[in-house]
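A.B. asks: A single structure is presented below for examination.
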Amino acid sequence: MHMLKTVSDVLMCVRTTSTQTRLSFLSVWATHHRPLSRIRVTVSHNKKTQTKIRRLHITPSSNMSRRVPIIPQDVSATLTSTATFLVLRLTNPGSPSSIHTILSALSSIADISKNVSVRDLNASFSCTVGIGFNAWSALLPRVAKPAELHPFREIKGNVHIAVSTPGDLLFHIRSERRDLNFEFEKQLLDRLGDAVEVVDDTEGFRYFDVRDLLGFVDGTANPVGDEVAEAVIVSQDGTSNGQGAKASAEPGGSYIVVQKYVHDMKKWSGLSTETQEAIIGRRKWDNVELDDAEEGKQAAHKTLTTIEGADGNEYAILRDNMPFGSPGRGEFGTYFIGYSSRLWVIEKMLERMFIGNPPGLHDRLLDYSRPLTGGVFFAPSASFLAGLGDN
């Protein structure tokens with residue numbers, strides 16, 4: 001029996017087997033991420049036929065001895081292939097027992113995450129919890145609300161409306177495996193029981209090379225490297241609200257805005273590629289940014305969602321949008337989720353989209369994409385969340 005270290009070693013050992021056998025092995029190995037040290041080849045000699053018989057033995061390996069790679073409330077977690085966007089409503093915010101149940105569950109998020117993610121440490125599992133304005137008052141009456149936290153404000157343009165919908169708690173569940181998301185959600189809802197009810201439960205998926213269902217790459221403007229923390233995390237001493245005042249919020253937290261958009265694919269597909277590109281502001285094939293329109297003219301989506309300060313610097317937000325839908329149901333959509341240390345930045349983006357800049361020239365993408373929901377939440381720091389069970 002031989003210990004193998006590389007793919008080349010394996011293929012060398014099984015070189016006399018059929019091509020189909022070799023491909024089958026590589027498929028199994030790639031699918032299950034088997035460490036090669038756990039794969040062995042047995043070689044036996046058949047004296048009658050004077051041939052050597054080689055057999056592959058794939059021993060299921062466990063990676064549970066590794067440390068669980070979880071960072072609680074990691075809003076900048078790796079973009080994964082699947083995500084669940086779960087929005088809940090408190091059913092009885094005046095009940096002390098219900099409040100106790102909810103606080104206990106929220107403080108246990110890290111424990112539930114570890115319990116689920118240990119089953120596959122390569123799946124990049126994470127969960128971020130957001131608390132809405134009304135829920136904050138019910139759950140944490142003695143804790144000051146984050147300075148900018150308020151219910152989603154409906155935005156009425158001449159043509160389109162950014163609707164505001166109910167929602168007290170948001171769970172942004174991410175991983176490379178849909179079954180892990182499912183198991184986490186099940187364990188979470190088991191703990192919460194009838195203290196909550198589901199308002200929305202949307203399953204997102206990664207589409208090709210991080211494209212939306214409209215065919216364009218999504219999230220290009222996301223901050224990277226050291227820019228992420230400044231754009232997303234509220235600092236220790238507050239963060240500028242863009243008007244010269246200081247906003248105070250739980251240090252280490254982040255504001256979240258979510259909207260669930262559905263697309264009129266038949267109408268969108270009827271446009272020429274050039275028209276689609278003009279609406280988005282980027283080339284469809286290679287994602288190259290197009291020049292901005294002249295001031296006062298119809299602006300593209302990428303221009304309307306670019307917010308600059310008085311000094312000309314741009315304020316970035318972190319988007320972790322995902323497509324969702326079902327061709328069988330005729331449902332095609334994008335779940336928008338934006339994280340920011342400054343809620344006003346995302347609100348300004350939406351205002352420019354729905355009202356227009358200049359007013360009257362709304363984002364033409366809204367002629368093909370309609371929001372069904374709108375909610376604002378605050379994701380407190382991991383230490384703050386863990387301490388809720390003590391309240």
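In the structure tokens, chains take the letters A, B, ... in the order shown, each chain's residues start at 1, and ligands count up from 1 in the order shown.
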May I have the residues within 10 Å of Tyr207 in chain A as a short mmCIF file (atom, residue, chain, number, x, y, z; two decimals) with N, CA and C atoms, in the first residue's frame, using only C-alpha atoms and disregarding those fewer than 2 positions away in the same chain?
C.D. replies:
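Heads up, here's the output in part-v9.cif:
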data_model
loop_
_atom_site.label_atom_id
_atom_site.label_comp_id
_atom_site.auth_asym_id
_atom_site.auth_seq_id
_atom_site.Cartn_x
_atom_site.Cartn_y
_atom_site.Cartn_z
N SER A 81 -20.95 31.13 -2.42
CA SER A 81 -21.79 30.70 -3.53
C SER A 81 -23.27 30.65 -3.16
N THR A 82 -23.58 30.62 -1.87
CA THR A 82 -24.98 30.62 -1.44
C THR A 82 -25.16 31.56 -0.24
N GLY A 204 -30.29 33.05 -1.86
CA GLY A 204 -29.52 33.62 -2.96
C GLY A 204 -28.45 32.66 -3.44
N PHE A 205 -27.98 32.88 -4.64
CA PHE A 205 -26.93 32.04 -5.20
C PHE A 205 -25.99 32.89 -6.06
N ASP A 209 -19.73 34.44 -13.05
CA ASP A 209 -18.62 35.20 -12.48
C ASP A 209 -19.14 36.42 -11.72
N VAL A 210 -19.91 36.16 -10.65
CA VAL A 210 -20.47 37.18 -9.76
C VAL A 210 -21.32 38.18 -10.54
N ARG A 211 -22.17 37.67 -11.42
CA ARG A 211 -23.07 38.54 -12.18
C ARG A 211 -24.48 38.49 -11.60
N ASP A 212 -25.25 39.54 -11.89
CA ASP A 212 -26.66 39.50 -11.53
C ASP A 212 -27.42 38.86 -12.68
N LEU A 213 -28.71 38.66 -12.51
CA LEU A 213 -29.49 38.00 -13.55
C LEU A 213 -29.73 38.88 -14.76
N GLY A 215 -27.22 40.15 -16.19
CA GLY A 215 -26.05 39.85 -17.01
C GLY A 215 -24.82 40.67 -16.72
N VAL A 217 -21.73 42.22 -14.05
CA VAL A 217 -20.96 41.94 -12.84
C VAL A 217 -21.46 42.86 -11.74
N ASP A 218 -21.67 42.29 -10.56
CA ASP A 218 -22.23 43.06 -9.43
C ASP A 218 -21.18 43.20 -8.33
N MET A 322 -27.04 39.24 -4.06
CA MET A 322 -27.11 37.91 -4.67
C MET A 322 -28.37 37.75 -5.51
N PRO A 323 -28.24 37.05 -6.62
CA PRO A 323 -29.43 36.71 -7.41
C PRO A 323 -30.30 35.71 -6.64
N PHE A 324 -31.58 35.71 -6.94
CA PHE A 324 -32.50 34.71 -6.41
C PHE A 324 -33.57 34.50 -7.46
#
A.B. asks: Give me the residues of range 56-147 of chain A that have any atom at most 6 Å from an atom of range 193-200 of chain A; for each, the nearest atom pair and the distance in Å, rounded to one decimal. Use only C-alpha atoms, sort by chain and number, and format it as a tab-separated table.
C.D. replies:
residue	atom	partner	partner_atom	distance
A:Leu86	CA	A:Asp200	CA	5.9
A:Val87	CA	A:Asp200	CA	5.1
A:Leu88	CA	A:Val198	CA	4.6
A:Arg89	CA	A:Glu197	CA	5.3
A:Leu90	CA	A:Val196	CA	4.5
A:Thr91	CA	A:Val196	CA	5.0
A:Ser98	CA	A:Ala195	CA	5.1
A.B. asks: Under the rule that only C-alpha atoms are counted, which of A:Gly333, A:Pro151, A:Pro141, A:Pro166 is the nearest residue to Asp264 in chain A?
C.D. replies: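 Residue with the minimum atom-to-atom distance to Asp264 in chain A: A:Gly333.
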A.B. asks: As a PyMOL selection string, list the residues of range 72-297 of chain A assigned to strand (DSSP E or B) by DSSP on the backbone atoms of this structure.
C.D. replies: chain A and resi 82-90+126-131+155-156+161-162+169-175+196-205+211+217+239-240+246-247+254-263+282+289
A.B. asks: Just write the chosen residues, N, CA and C atoms, as a short mmCIF file (atom, residue, chain, number, x, y, z; two decimals), in the first residue's frame.
C.D. replies:
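Saved as part.cif:
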data_model
loop_
_atom_site.label_atom_id
_atom_site.label_comp_id
_atom_site.auth_asym_id
_atom_site.auth_seq_id
_atom_site.Cartn_x
_atom_site.Cartn_y
_atom_site.Cartn_z
N THR A 82 -23.58 30.62 -1.87
CA THR A 82 -24.98 30.62 -1.44
C THR A 82 -25.16 31.56 -0.24
N ALA A 83 -26.37 32.05 -0.07
CA ALA A 83 -26.68 32.90 1.08
C ALA A 83 -28.17 32.83 1.38
N THR A 84 -28.51 32.99 2.64
CA THR A 84 -29.90 33.07 3.08
C THR A 84 -30.10 34.43 3.72
N PHE A 85 -31.16 35.11 3.29
CA PHE A 85 -31.52 36.41 3.86
C PHE A 85 -32.83 36.21 4.62
N LEU A 86 -32.71 36.14 5.92
CA LEU A 86 -33.86 35.82 6.78
C LEU A 86 -34.26 37.05 7.59
N VAL A 87 -35.50 37.50 7.38
CA VAL A 87 -36.04 38.65 8.12
C VAL A 87 -37.18 38.17 9.00
N LEU A 88 -37.10 38.52 10.30
CA LEU A 88 -38.09 38.08 11.27
C LEU A 88 -38.79 39.26 11.94
N ARG A 89 -39.97 38.99 12.46
CA ARG A 89 -40.72 39.98 13.24
C ARG A 89 -40.97 39.43 14.63
N LEU A 90 -40.84 40.28 15.65
CA LEU A 90 -41.15 39.89 17.03
C LEU A 90 -42.65 39.74 17.16
N SER A 126 -20.64 31.86 7.69
CA SER A 126 -20.72 33.03 8.57
C SER A 126 -22.18 33.47 8.69
N CYS A 127 -22.47 34.17 9.77
CA CYS A 127 -23.80 34.76 9.94
C CYS A 127 -23.65 36.12 10.58
N THR A 128 -24.29 37.11 9.98
CA THR A 128 -24.31 38.46 10.53
C THR A 128 -25.73 38.79 10.96
N VAL A 129 -25.89 39.30 12.17
CA VAL A 129 -27.21 39.61 12.73
C VAL A 129 -27.42 41.12 12.74
N GLY A 130 -28.58 41.55 12.26
CA GLY A 130 -28.95 42.96 12.30
C GLY A 130 -30.21 43.15 13.12
N ILE A 131 -30.26 44.24 13.88
CA ILE A 131 -31.42 44.55 14.73
C ILE A 131 -32.08 45.82 14.22
N ILE A 155 -39.20 56.17 -0.13
CA ILE A 155 -38.77 57.23 -1.06
C ILE A 155 -39.70 57.21 -2.26
N LYS A 156 -40.41 58.31 -2.46
CA LYS A 156 -41.35 58.41 -3.58
C LYS A 156 -40.79 59.30 -4.67
N ILE A 161 -41.23 53.90 -6.44
CA ILE A 161 -41.24 54.06 -4.99
C ILE A 161 -40.33 53.01 -4.35
N ALA A 162 -39.48 53.46 -3.44
CA ALA A 162 -38.70 52.54 -2.61
C ALA A 162 -39.55 52.26 -1.38
N LEU A 169 -35.59 41.70 12.85
CA LEU A 169 -34.29 41.05 12.92
C LEU A 169 -33.89 40.56 11.54
N LEU A 170 -32.62 40.71 11.21
CA LEU A 170 -32.09 40.23 9.95
C LEU A 170 -30.95 39.25 10.23
N PHE A 171 -30.97 38.13 9.53
CA PHE A 171 -29.88 37.17 9.61
C PHE A 171 -29.33 36.96 8.20
N HIS A 172 -28.10 37.39 8.00
CA HIS A 172 -27.43 37.22 6.71
C HIS A 172 -26.52 36.00 6.84
N ILE A 173 -26.98 34.88 6.31
CA ILE A 173 -26.31 33.59 6.48
C ILE A 173 -25.58 33.24 5.19
N ARG A 174 -24.27 32.99 5.28
CA ARG A 174 -23.48 32.77 4.08
C ARG A 174 -22.60 31.52 4.20
N SER A 175 -22.45 30.80 3.12
CA SER A 175 -21.49 29.69 3.07
C SER A 175 -21.40 29.18 1.65
N VAL A 196 -40.94 34.70 17.46
CA VAL A 196 -40.79 35.44 16.20
C VAL A 196 -41.62 34.78 15.12
N GLU A 197 -41.83 35.50 14.04
CA GLU A 197 -42.42 34.92 12.84
C GLU A 197 -41.62 35.38 11.63
N VAL A 198 -41.59 34.56 10.61
CA VAL A 198 -40.81 34.85 9.41
C VAL A 198 -41.54 35.86 8.53
N VAL A 199 -40.86 36.94 8.18
CA VAL A 199 -41.40 37.94 7.27
C VAL A 199 -40.93 37.65 5.85
N ASP A 200 -39.66 37.30 5.72
CA ASP A 200 -39.12 36.98 4.40
C ASP A 200 -37.96 36.00 4.57
N ASP A 201 -37.86 35.05 3.68
CA ASP A 201 -36.81 34.03 3.71
C ASP A 201 -36.38 33.80 2.27
N THR A 202 -35.29 34.44 1.86
CA THR A 202 -34.85 34.40 0.46
C THR A 202 -33.52 33.67 0.34
N GLU A 203 -33.45 32.75 -0.61
CA GLU A 203 -32.22 32.00 -0.87
C GLU A 203 -31.52 32.59 -2.08
N GLY A 204 -30.29 33.05 -1.86
CA GLY A 204 -29.52 33.62 -2.96
C GLY A 204 -28.45 32.66 -3.44
N PHE A 205 -27.98 32.88 -4.64
CA PHE A 205 -26.93 32.04 -5.20
C PHE A 205 -25.99 32.89 -6.06
N ARG A 211 -22.17 37.67 -11.42
CA ARG A 211 -23.07 38.54 -12.18
C ARG A 211 -24.48 38.49 -11.60
N VAL A 217 -21.73 42.22 -14.05
CA VAL A 217 -20.96 41.94 -12.84
C VAL A 217 -21.46 42.86 -11.74
N THR A 239 -18.50 58.30 13.66
CA THR A 239 -18.12 58.53 12.27
C THR A 239 -18.88 59.72 11.72
N SER A 240 -18.31 60.43 10.81
CA SER A 240 -18.93 61.63 10.27
C SER A 240 -20.25 61.32 9.61
N LYS A 246 -21.17 64.47 14.67
CA LYS A 246 -20.68 63.14 15.00
C LYS A 246 -21.85 62.19 15.26
N ALA A 247 -21.78 61.02 14.66
CA ALA A 247 -22.79 60.01 14.92
C ALA A 247 -22.22 59.01 15.90
N SER A 254 -22.17 47.99 12.31
CA SER A 254 -22.36 48.43 10.93
C SER A 254 -23.85 48.57 10.63
N TYR A 255 -24.20 49.58 9.83
CA TYR A 255 -25.59 49.75 9.38
C TYR A 255 -25.82 48.87 8.16
N ILE A 256 -27.04 48.33 8.05
CA ILE A 256 -27.39 47.45 6.94
C ILE A 256 -28.70 47.93 6.31
N VAL A 257 -28.72 47.96 4.99
CA VAL A 257 -29.95 48.24 4.25
C VAL A 257 -30.20 47.07 3.32
N VAL A 258 -31.43 46.57 3.31
CA VAL A 258 -31.78 45.47 2.42
C VAL A 258 -32.99 45.84 1.57
N GLN A 259 -32.96 45.39 0.32
CA GLN A 259 -34.08 45.53 -0.59
C GLN A 259 -34.13 44.30 -1.48
N LYS A 260 -35.31 43.80 -1.71
CA LYS A 260 -35.50 42.63 -2.56
C LYS A 260 -36.14 43.09 -3.88
N TYR A 261 -35.34 43.04 -4.95
CA TYR A 261 -35.79 43.52 -6.26
C TYR A 261 -36.19 42.35 -7.16
N VAL A 262 -37.25 42.52 -7.92
CA VAL A 262 -37.60 41.56 -8.97
C VAL A 262 -37.46 42.25 -10.31
N HIS A 263 -36.99 41.47 -11.30
CA HIS A 263 -36.69 42.02 -12.62
C HIS A 263 -37.73 41.60 -13.65
N ARG A 282 -21.65 50.45 -17.45
CA ARG A 282 -20.49 49.57 -17.67
C ARG A 282 -20.75 48.69 -18.89
N GLU A 289 -15.85 50.35 -17.11
CA GLU A 289 -16.71 51.48 -16.79
C GLU A 289 -16.81 52.45 -17.96
#
A.B. asks: Just want the 8 Å neighbourhood of Ser340 in chain A, counted on only C-alpha atoms, with same-chain residues fewer than 4 positions away dropped. Output as a ChimeraX atom specification.
C.D. replies: /A:231-233,254-256,316-318,345-346
A.B. asks: Which one is closest to Val288 in chain A: A:Glu250, A:Leu365, A:Ala221, A:Thr373? Count only C-alpha atoms.
C.D. replies: A:Ala221
A.B. asks: For Leu304 in chain A, which residue among A:Asn357, A:Gln276, A:Ser124, A:Ser113 is the nearest when counting only C-alpha atoms?
C.D. replies: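 Closest residue, counting only C-alpha atoms: A:Asn357.
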A.B. asks: Compare A:Ser369, A:Asn222, A:Asn122, A:Ser137 by their minimum atom-to-atom distance to Tyr315 in chain A, counting only C-alpha atoms, and give me the closest one.
C.D. replies: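 Of A:Ser369, A:Asn222, A:Asn122, A:Ser137, the one nearest Tyr315 in chain A, counting only C-alpha atoms, is A:Asn222.
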A.B. asks: I need the residue nearest Thr305 in chain A from this list: A:Val234, A:Leu361, A:Met353, A:Leu290. Use only C-alpha atoms for the distance.
C.D. replies: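 With only C-alpha atoms as the atom set, the closest residue is A:Met353.
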A.B. asks: With a distance cut-off of 12 Å and only C-alpha atoms, select the neighbouring residues of Pro96 in chain A, excluding the residue or stretch itself and same-chain residues fewer than 3 positions from it, and output the selection as a VMD selection string.
C.D. replies: chain A and resid 92 to 93 99 to 103 138 to 140 195 391
A.B. asks: I need the residues from that last selection saved to file as a PDB file, in the first residue's frame (with all heavy atoms), if you can.
C.D. replies:
ATOM      1  N   ASN A  92     -44.378  39.074  20.069  1.00  0.00           N
ATOM      2  CA  ASN A  92     -44.922  39.602  21.323  1.00  0.00           C
ATOM      3  C   ASN A  92     -43.843  40.407  22.037  1.00  0.00           C
ATOM      4  O   ASN A  92     -43.284  39.966  23.046  1.00  0.00           O
ATOM      5  CB  ASN A  92     -45.408  38.455  22.204  1.00  0.00           C
ATOM      6  CG  ASN A  92     -46.249  38.940  23.369  1.00  0.00           C
ATOM      7  OD1 ASN A  92     -46.434  40.148  23.560  1.00  0.00           O
ATOM      8  ND2 ASN A  92     -46.749  38.009  24.170  1.00  0.00           N
ATOM      9  N   PRO A  93     -43.549  41.610  21.519  1.00  0.00           N
ATOM     10  CA  PRO A  93     -42.453  42.411  22.087  1.00  0.00           C
ATOM     11  C   PRO A  93     -42.697  42.871  23.519  1.00  0.00           C
ATOM     12  O   PRO A  93     -41.773  43.338  24.188  1.00  0.00           O
ATOM     13  CB  PRO A  93     -42.366  43.603  21.134  1.00  0.00           C
ATOM     14  CG  PRO A  93     -43.708  43.690  20.485  1.00  0.00           C
ATOM     15  CD  PRO A  93     -44.191  42.281  20.366  1.00  0.00           C
ATOM     16  N   ILE A  99     -38.873  38.142  25.126  1.00  0.00           N
ATOM     17  CA  ILE A  99     -37.654  38.940  25.034  1.00  0.00           C
ATOM     18  C   ILE A  99     -36.453  38.132  25.520  1.00  0.00           C
ATOM     19  O   ILE A  99     -35.382  38.142  24.905  1.00  0.00           O
ATOM     20  CB  ILE A  99     -37.796  40.240  25.853  1.00  0.00           C
ATOM     21  CG1 ILE A  99     -38.907  41.120  25.268  1.00  0.00           C
ATOM     22  CG2 ILE A  99     -36.475  40.990  25.886  1.00  0.00           C
ATOM     23  CD1 ILE A  99     -38.705  41.520  23.827  1.00  0.00           C
ATOM     24  N   HIS A 100     -36.639  37.398  26.611  1.00  0.00           N
ATOM     25  CA  HIS A 100     -35.560  36.558  27.139  1.00  0.00           C
ATOM     26  C   HIS A 100     -35.149  35.501  26.117  1.00  0.00           C
ATOM     27  O   HIS A 100     -33.947  35.250  25.910  1.00  0.00           O
ATOM     28  CB  HIS A 100     -36.004  35.888  28.431  1.00  0.00           C
ATOM     29  CG  HIS A 100     -35.005  34.900  28.959  1.00  0.00           C
ATOM     30  ND1 HIS A 100     -33.843  35.271  29.603  1.00  0.00           N
ATOM     31  CD2 HIS A 100     -34.990  33.533  28.903  1.00  0.00           C
ATOM     32  CE1 HIS A 100     -33.149  34.190  29.929  1.00  0.00           C
ATOM     33  NE2 HIS A 100     -33.830  33.123  29.525  1.00  0.00           N
ATOM     34  N   THR A 101     -36.130  34.892  25.465  1.00  0.00           N
ATOM     35  CA  THR A 101     -35.845  33.860  24.463  1.00  0.00           C
ATOM     36  C   THR A 101     -35.039  34.433  23.305  1.00  0.00           C
ATOM     37  O   THR A 101     -34.059  33.829  22.841  1.00  0.00           O
ATOM     38  CB  THR A 101     -37.160  33.266  23.922  1.00  0.00           C
ATOM     39  OG1 THR A 101     -37.852  32.600  24.982  1.00  0.00           O
ATOM     40  CG2 THR A 101     -36.895  32.288  22.792  1.00  0.00           C
ATOM     41  N   ILE A 102     -35.437  35.609  22.850  1.00  0.00           N
ATOM     42  CA  ILE A 102     -34.762  36.227  21.707  1.00  0.00           C
ATOM     43  C   ILE A 102     -33.335  36.647  22.068  1.00  0.00           C
ATOM     44  O   ILE A 102     -32.386  36.387  21.316  1.00  0.00           O
ATOM     45  CB  ILE A 102     -35.570  37.443  21.199  1.00  0.00           C
ATOM     46  CG1 ILE A 102     -36.918  36.969  20.650  1.00  0.00           C
ATOM     47  CG2 ILE A 102     -34.787  38.205  20.129  1.00  0.00           C
ATOM     48  CD1 ILE A 102     -37.893  38.083  20.365  1.00  0.00           C
ATOM     49  N   LEU A 103     -33.168  37.288  23.222  1.00  0.00           N
ATOM     50  CA  LEU A 103     -31.829  37.716  23.639  1.00  0.00           C
ATOM     51  C   LEU A 103     -30.909  36.517  23.834  1.00  0.00           C
ATOM     52  O   LEU A 103     -29.725  36.566  23.483  1.00  0.00           O
ATOM     53  CB  LEU A 103     -31.919  38.527  24.931  1.00  0.00           C
ATOM     54  CG  LEU A 103     -32.569  39.902  24.824  1.00  0.00           C
ATOM     55  CD1 LEU A 103     -32.673  40.551  26.209  1.00  0.00           C
ATOM     56  CD2 LEU A 103     -31.786  40.808  23.881  1.00  0.00           C
ATOM     57  N   ALA A 138     -37.565  47.330  21.943  1.00  0.00           N
ATOM     58  CA  ALA A 138     -38.180  46.251  22.715  1.00  0.00           C
ATOM     59  C   ALA A 138     -37.150  45.384  23.427  1.00  0.00           C
ATOM     60  O   ALA A 138     -37.346  45.006  24.585  1.00  0.00           O
ATOM     61  CB  ALA A 138     -39.032  45.383  21.780  1.00  0.00           C
ATOM     62  N   LEU A 139     -36.049  45.092  22.729  1.00  0.00           N
ATOM     63  CA  LEU A 139     -35.051  44.182  23.289  1.00  0.00           C
ATOM     64  C   LEU A 139     -34.061  44.876  24.211  1.00  0.00           C
ATOM     65  O   LEU A 139     -33.603  44.295  25.196  1.00  0.00           O
ATOM     66  CB  LEU A 139     -34.273  43.501  22.148  1.00  0.00           C
ATOM     67  CG  LEU A 139     -35.078  42.626  21.191  1.00  0.00           C
ATOM     68  CD1 LEU A 139     -34.199  42.187  20.022  1.00  0.00           C
ATOM     69  CD2 LEU A 139     -35.652  41.402  21.913  1.00  0.00           C
ATOM     70  N   LEU A 140     -33.745  46.128  23.893  1.00  0.00           N
ATOM     71  CA  LEU A 140     -32.675  46.828  24.615  1.00  0.00           C
ATOM     72  C   LEU A 140     -33.122  48.224  25.043  1.00  0.00           C
ATOM     73  O   LEU A 140     -32.543  49.244  24.646  1.00  0.00           O
ATOM     74  CB  LEU A 140     -31.432  46.935  23.706  1.00  0.00           C
ATOM     75  CG  LEU A 140     -30.902  45.593  23.171  1.00  0.00           C
ATOM     76  CD1 LEU A 140     -29.954  45.819  22.015  1.00  0.00           C
ATOM     77  CD2 LEU A 140     -30.228  44.815  24.289  1.00  0.00           C
ATOM     78  N   ALA A 195     -41.517  33.091  19.510  1.00  0.00           N
ATOM     79  CA  ALA A 195     -41.232  34.483  19.874  1.00  0.00           C
ATOM     80  C   ALA A 195     -41.074  35.352  18.627  1.00  0.00           C
ATOM     81  O   ALA A 195     -41.089  36.582  18.725  1.00  0.00           O
ATOM     82  CB  ALA A 195     -39.958  34.562  20.716  1.00  0.00           C
ATOM     83  N   ASN A 391     -28.417  40.298  29.715  1.00  0.00           N
ATOM     84  CA  ASN A 391     -29.402  41.343  30.000  1.00  0.00           C
ATOM     85  C   ASN A 391     -30.677  40.749  30.590  1.00  0.00           C
ATOM     86  O   ASN A 391     -31.158  39.741  30.141  1.00  0.00           O
ATOM     87  CB  ASN A 391     -29.751  42.112  28.711  1.00  0.00           C
ATOM     88  CG  ASN A 391     -28.580  42.941  28.223  1.00  0.00           C
ATOM     89  OD1 ASN A 391     -27.706  43.294  29.014  1.00  0.00           O
ATOM     90  ND2 ASN A 391     -28.549  43.235  26.933  1.00  0.00           N
TER      91      ASN A 391
END
